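*Asks:* The structure follows.
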Amino acid sequence: MINIRSLSHVYEKGRKIKFPDWQIEDMDQWLLLGASGCGKSTLLNIISGLLKPTQGEILINDTDLYTLSARSTDRFRGRHIGIIFQRPHLIRSLNVLDNLELAAVMAGVPIDHERNLLLLKDLGIGNLAKRYPDELSQGQLQRVSVARALVNKPDLLIADEPTSSLDDENAAQVIEMLTTQAKDNGAALIIATHDQRVREHIAKTYLL
Ligand SMILES: Nc1ncnc2c1ncn2[C@@H]1O[C@H](COP(=O)(O)OP(=O)(O)OP(=O)(O)O)[C@@H](O)[C@H]1O
């Protein structure tokens with residue numbers, strides 16, 4: 001599904017960051033591991049179509065991501081990739097359900113109200129659909145982020161450092177939630193982390 005070949009990136013005044021080739025199949029679950037500053041976020045941004053690499057190519061379902069126009073890349077990302085950022089980035093003036101549905105509108109995908117409510121229910125936050133981000137706990141916000149990332153039925157779910165600020169019990173719960181949701185929704189999963197606790201939960205490792 002995703003093919004990364006001969007990829008490298010150089011930021012202005014930075015050193016060259018080289019990325020080993022990587023092939024991700026449908027519904028694969030991967031850990032992206034590496035020390036702080038080695039390039040994990042850079043690679044996730046490249047895979048998400050947010051940062052054009054200096055060299056190399058990235059094929060997603062045989063589409064070479066960086067041959068698309070900026071507009072097509074945004075639509076492509078909205079439809080195929082769900083991203084869970086370190087911070088939720090929700091719109092504070094919209095309730096939980098409207099935040100989810102905005103993600104569909106932005107990607108030009110029809111809104112499926114029933115499914116979105118079900119998604120929230122599956123994540124244990126069905127009762128929070130009409131609440132606003134400011135009224136939620138960090139754990140609840142993270143669940144909303146996962147729901148929002150799944151709204152458009154992506155082929156790939158990406159989570160950047162989802163456990164770094166959590167204690168052992170909550171970290172294990174978040175990993176369980178991500179792996180189960182990816183599986184149930186037919187998506188591949190990449191979790192980027194330097195949290196060694198995550199290692200035992202996911203079989204495949206891409207080391208940077
Ligand atoms: N916009 C930028 N401009 C210049 N250099 C950058 C930029 N973003 C990242 N870098 C540099 O590129 C390297 C890789 O950064 P990146 O954020 O991808 O690492 P990371 O593995 O995600 O780190 P962490 O685990 O600490 O989040 C670092 O040396 C960083 O300083």
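Starting from 1 in every chain, residues are counted up; chains themselves are A, B, ... following the order of the structure tokens, and ligands are numbered from 1 as listed.
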Which chains and residue numbers are within 10 Å of ligand 1, counting only C-alpha atoms and all ligand atoms, if I want them as a PyMOL selection string?

*Replies:* chain A and resi 9-17+32-46+51+86+160-161+164+192-195+208

*Asks:* Could you turn the residues from that selection into a file that holds N, CA and C atoms, as a JSON list (two decimals), in the first residue's frame?

*Replies:*
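Okay, this is what ended up in again_33.json:
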[["chain", "number", "residue", "atom", "x", "y", "z"],
["A", 9, "HIS", "N", 15.81, 13.74, 3.36],
["A", 9, "HIS", "CA", 15.38, 15.14, 3.47],
["A", 9, "HIS", "C", 16.47, 15.98, 4.10],
["A", 10, "VAL", "N", 16.61, 17.19, 3.59],
["A", 10, "VAL", "CA", 17.57, 18.15, 4.17],
["A", 10, "VAL", "C", 16.81, 19.44, 4.46],
["A", 11, "TYR", "N", 16.74, 19.82, 5.73],
["A", 11, "TYR", "CA", 16.18, 21.14, 6.07],
["A", 11, "TYR", "C", 17.25, 22.17, 5.77],
["A", 12, "GLU", "N", 16.82, 23.40, 5.57],
["A", 12, "GLU", "CA", 17.78, 24.47, 5.35],
["A", 12, "GLU", "C", 18.77, 24.48, 6.53],
["A", 13, "LYS", "N", 20.03, 24.50, 6.23],
["A", 13, "LYS", "CA", 21.12, 24.50, 7.22],
["A", 13, "LYS", "C", 21.18, 23.23, 8.05],
["A", 14, "GLY", "N", 20.38, 22.21, 7.70],
["A", 14, "GLY", "CA", 20.39, 20.97, 8.49],
["A", 14, "GLY", "C", 21.22, 19.89, 7.82],
["A", 15, "ARG", "N", 21.41, 18.78, 8.54],
["A", 15, "ARG", "CA", 22.12, 17.64, 7.95],
["A", 15, "ARG", "C", 21.12, 16.82, 7.15],
["A", 16, "LYS", "N", 21.67, 15.89, 6.34],
["A", 16, "LYS", "CA", 20.78, 15.06, 5.52],
["A", 16, "LYS", "C", 20.18, 13.96, 6.39],
["A", 17, "ILE", "N", 18.87, 13.84, 6.40],
["A", 17, "ILE", "CA", 18.22, 12.75, 7.13],
["A", 17, "ILE", "C", 17.85, 11.68, 6.10],
["A", 32, "LEU", "N", 7.18, 3.15, 14.60],
["A", 32, "LEU", "CA", 8.27, 3.93, 14.04],
["A", 32, "LEU", "C", 9.09, 4.40, 15.24],
["A", 33, "LEU", "N", 10.26, 3.77, 15.41],
["A", 33, "LEU", "CA", 11.07, 4.03, 16.60],
["A", 33, "LEU", "C", 12.33, 4.81, 16.25],
["A", 34, "GLY", "N", 12.78, 5.61, 17.20],
["A", 34, "GLY", "CA", 14.03, 6.31, 16.98],
["A", 34, "GLY", "C", 14.23, 7.34, 18.06],
["A", 35, "ALA", "N", 15.48, 7.69, 18.30],
["A", 35, "ALA", "CA", 15.80, 8.67, 19.35],
["A", 35, "ALA", "C", 15.24, 10.03, 18.98],
["A", 36, "SER", "N", 15.12, 10.87, 19.97],
["A", 36, "SER", "CA", 14.63, 12.22, 19.76],
["A", 36, "SER", "C", 15.50, 12.94, 18.72],
["A", 37, "GLY", "N", 14.86, 13.56, 17.76],
["A", 37, "GLY", "CA", 15.59, 14.35, 16.77],
["A", 37, "GLY", "C", 16.09, 13.57, 15.57],
["A", 38, "CYS", "N", 15.78, 12.27, 15.49],
["A", 38, "CYS", "CA", 16.33, 11.48, 14.39],
["A", 38, "CYS", "C", 15.49, 11.59, 13.11],
["A", 39, "GLY", "N", 14.28, 12.15, 13.22],
["A", 39, "GLY", "CA", 13.52, 12.40, 11.99],
["A", 39, "GLY", "C", 12.15, 11.73, 11.92],
["A", 40, "LYS", "N", 11.61, 11.27, 13.04],
["A", 40, "LYS", "CA", 10.31, 10.59, 13.02],
["A", 40, "LYS", "C", 9.19, 11.52, 12.53],
["A", 41, "SER", "N", 9.11, 12.70, 13.13],
["A", 41, "SER", "CA", 8.04, 13.63, 12.71],
["A", 41, "SER", "C", 8.25, 14.05, 11.26],
["A", 42, "THR", "N", 9.50, 14.21, 10.87],
["A", 42, "THR", "CA", 9.79, 14.58, 9.47],
["A", 42, "THR", "C", 9.22, 13.51, 8.53],
["A", 43, "LEU", "N", 9.48, 12.25, 8.86],
["A", 43, "LEU", "CA", 8.99, 11.16, 8.00],
["A", 43, "LEU", "C", 7.46, 11.12, 7.99],
["A", 44, "LEU", "N", 6.83, 11.31, 9.15],
["A", 44, "LEU", "CA", 5.36, 11.30, 9.19],
["A", 44, "LEU", "C", 4.80, 12.45, 8.35],
["A", 45, "ASN", "N", 5.45, 13.60, 8.42],
["A", 45, "ASN", "CA", 4.99, 14.73, 7.60],
["A", 45, "ASN", "C", 5.14, 14.42, 6.11],
["A", 46, "ILE", "N", 6.22, 13.73, 5.76],
["A", 46, "ILE", "CA", 6.42, 13.37, 4.34],
["A", 46, "ILE", "C", 5.33, 12.38, 3.91],
["A", 51, "LEU", "N", 5.08, 17.58, 3.73],
["A", 51, "LEU", "CA", 6.46, 18.05, 3.54],
["A", 51, "LEU", "C", 7.07, 17.30, 2.36],
["A", 86, "GLN", "N", 0.15, 15.00, 18.45],
["A", 86, "GLN", "CA", 0.46, 14.95, 19.89],
["A", 86, "GLN", "C", -0.56, 15.76, 20.69],
["A", 160, "ASP", "N", 1.33, 10.18, 16.39],
["A", 160, "ASP", "CA", 2.65, 10.70, 16.72],
["A", 160, "ASP", "C", 2.78, 10.82, 18.23],
["A", 161, "GLU", "N", 3.63, 10.03, 18.83],
["A", 161, "GLU", "CA", 3.89, 10.06, 20.28],
["A", 161, "GLU", "C", 2.60, 10.05, 21.12],
["A", 164, "SER", "N", 3.44, 9.55, 25.23],
["A", 164, "SER", "CA", 4.61, 10.10, 25.92],
["A", 164, "SER", "C", 4.27, 10.73, 27.27],
["A", 192, "ALA", "N", 4.43, 6.44, 15.95],
["A", 192, "ALA", "CA", 5.79, 6.96, 16.12],
["A", 192, "ALA", "C", 6.02, 7.24, 17.59],
["A", 193, "THR", "N", 7.13, 6.75, 18.10],
["A", 193, "THR", "CA", 7.36, 6.92, 19.54],
["A", 193, "THR", "C", 8.83, 6.71, 19.89],
["A", 194, "HIS", "N", 9.25, 7.26, 21.04],
["A", 194, "HIS", "CA", 10.49, 6.75, 21.61],
["A", 194, "HIS", "C", 10.18, 6.12, 22.97],
["A", 195, "ASP", "N", 8.92, 5.79, 23.16],
["A", 195, "ASP", "CA", 8.45, 5.17, 24.40],
["A", 195, "ASP", "C", 8.64, 3.64, 24.29],
["A", 208, "LEU", "N", 14.59, 4.15, 12.98],
["A", 208, "LEU", "CA", 15.31, 5.27, 12.33],
["A", 208, "LEU", "C", 16.60, 5.56, 13.04]]

*Asks:* When DSSP works through the backbone of this structure, what residues of stretch 35-133 of chain A end up as helix (DSSP H, G or I), shown as a PyMOL selection string?

*Replies:* chain A and resi 40-47+65-67+70-80+96-107+113-122+126-128+133

*Asks:* Pick out the residues sitting within 7 Å of stretch 177-190 of chain A, and hand them over as an NGL selection string; count only C-alpha atoms, and ignore anything fewer than 3 positions along from it in its own chain.

*Replies:* :A and (26-32 or 153-159 or 173-174)

*Asks:* Would you mind listing what lies within 12 Å of A:Thr73 as a list in words, with only C-alpha atoms counted and same-chain residues fewer than 2 positions away left out?

*Replies:*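 Skipping anything fewer than 2 positions along the chain leaves Ile46, Ile47, Ser48, Gly49, Leu50, Leu51, Lys52, Ile60, Thr63, Asp64, Leu65, Tyr66, Thr67, Leu68, Ser69, Ala70, Arg71, Arg75, Phe76, Arg77, Gly78, Arg79, His80, Ile81 and Ala107 of chain A.
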
*Asks:* Quick check, in Å to one decimal: how far apart do atom CA of A:Asn99 and atom CA of A:Glu176 lie?

*Replies:*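 We find that atom CA of A:Asn99 and atom CA of A:Glu176 lie 23.7 Å from each other.
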
*Asks:* Going by DSSP on the backbone, which residues of stretch 22-170 of chain A come out as strand (DSSP E or B)? List them as a list in words.

*Replies:*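 Answer for stretch 22-170 of chain A restricted to strand (DSSP E or B) is Trp22, Gln23, Ile24, Gln29, Trp30, Leu31, Leu32, Leu33, Gln55, Gly56, Glu57, Ile58, Leu59, Ile60, Thr63, Asp64, Ile81, Gly82, Ile83, Ile84, Leu156, Leu157, Ile158, Ala159 and Asp160 of chain A.
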
*Asks:* Grab the atom CA of A:Leu150 to atom CA of A:Arg197 distance for me, in Å with one decimal place.

*Replies:*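 According to the coordinates, atom CA of A:Leu150 and atom CA of A:Arg197 are separated by 24.5 Å.
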
*Asks:* Please determine, counting only C-alpha atoms, which residue among A:Leu59, A:Val109, A:Ser165, A:Leu141 has the shortest atom-to-atom distance to A:Gly124.

*Replies:*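 For A:Gly124, the nearest of the candidates is A:Leu141.
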
*Asks:* Pick the closest to A:Asp168 from A:Gln196, A:Ile4, A:Val151, A:Gly108: which is it, counting only C-alpha atoms?

*Replies:*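 Nearest to A:Asp168: A:Gln196.
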
*Asks:* For a quick check of understanding, using only C-alpha atoms, which of A:Ala172, A:Ile191, A:Leu128, A:Ile2 has the smallest distance to A:Glu57?

*Replies:* A:Ile2

*Asks:* Considering only C-alpha atoms, can you say which of A:Asp134, A:Asp112, A:Asp74, A:Asp21 comes closest to A:His89?

*Replies:* A:Asp134

*Asks:* Using only C-alpha atoms, can you tell me which of A:Ile111, A:Met106, A:Leu119, A:Ala129 comes closest to A:Leu94?

*Replies:*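 Looking at the shortest contact to A:Leu94, the residue is A:Ala129.
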
*Asks:* Give the answer as one residue: which of A:Leu117, A:Gly82, A:Ser137, A:Arg87 has the shortest atom-to-atom distance to A:Asn152, using only C-alpha atoms?

*Replies:*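 Smallest distance to A:Asn152 is found for A:Gly82.
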
*Asks:* Would you compute the distance between atom CA of A:Gly139 and atom CA of A:Leu120? Give it in Å to one decimal.

*Replies:*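 These two atoms are separated by 13.5 Å.
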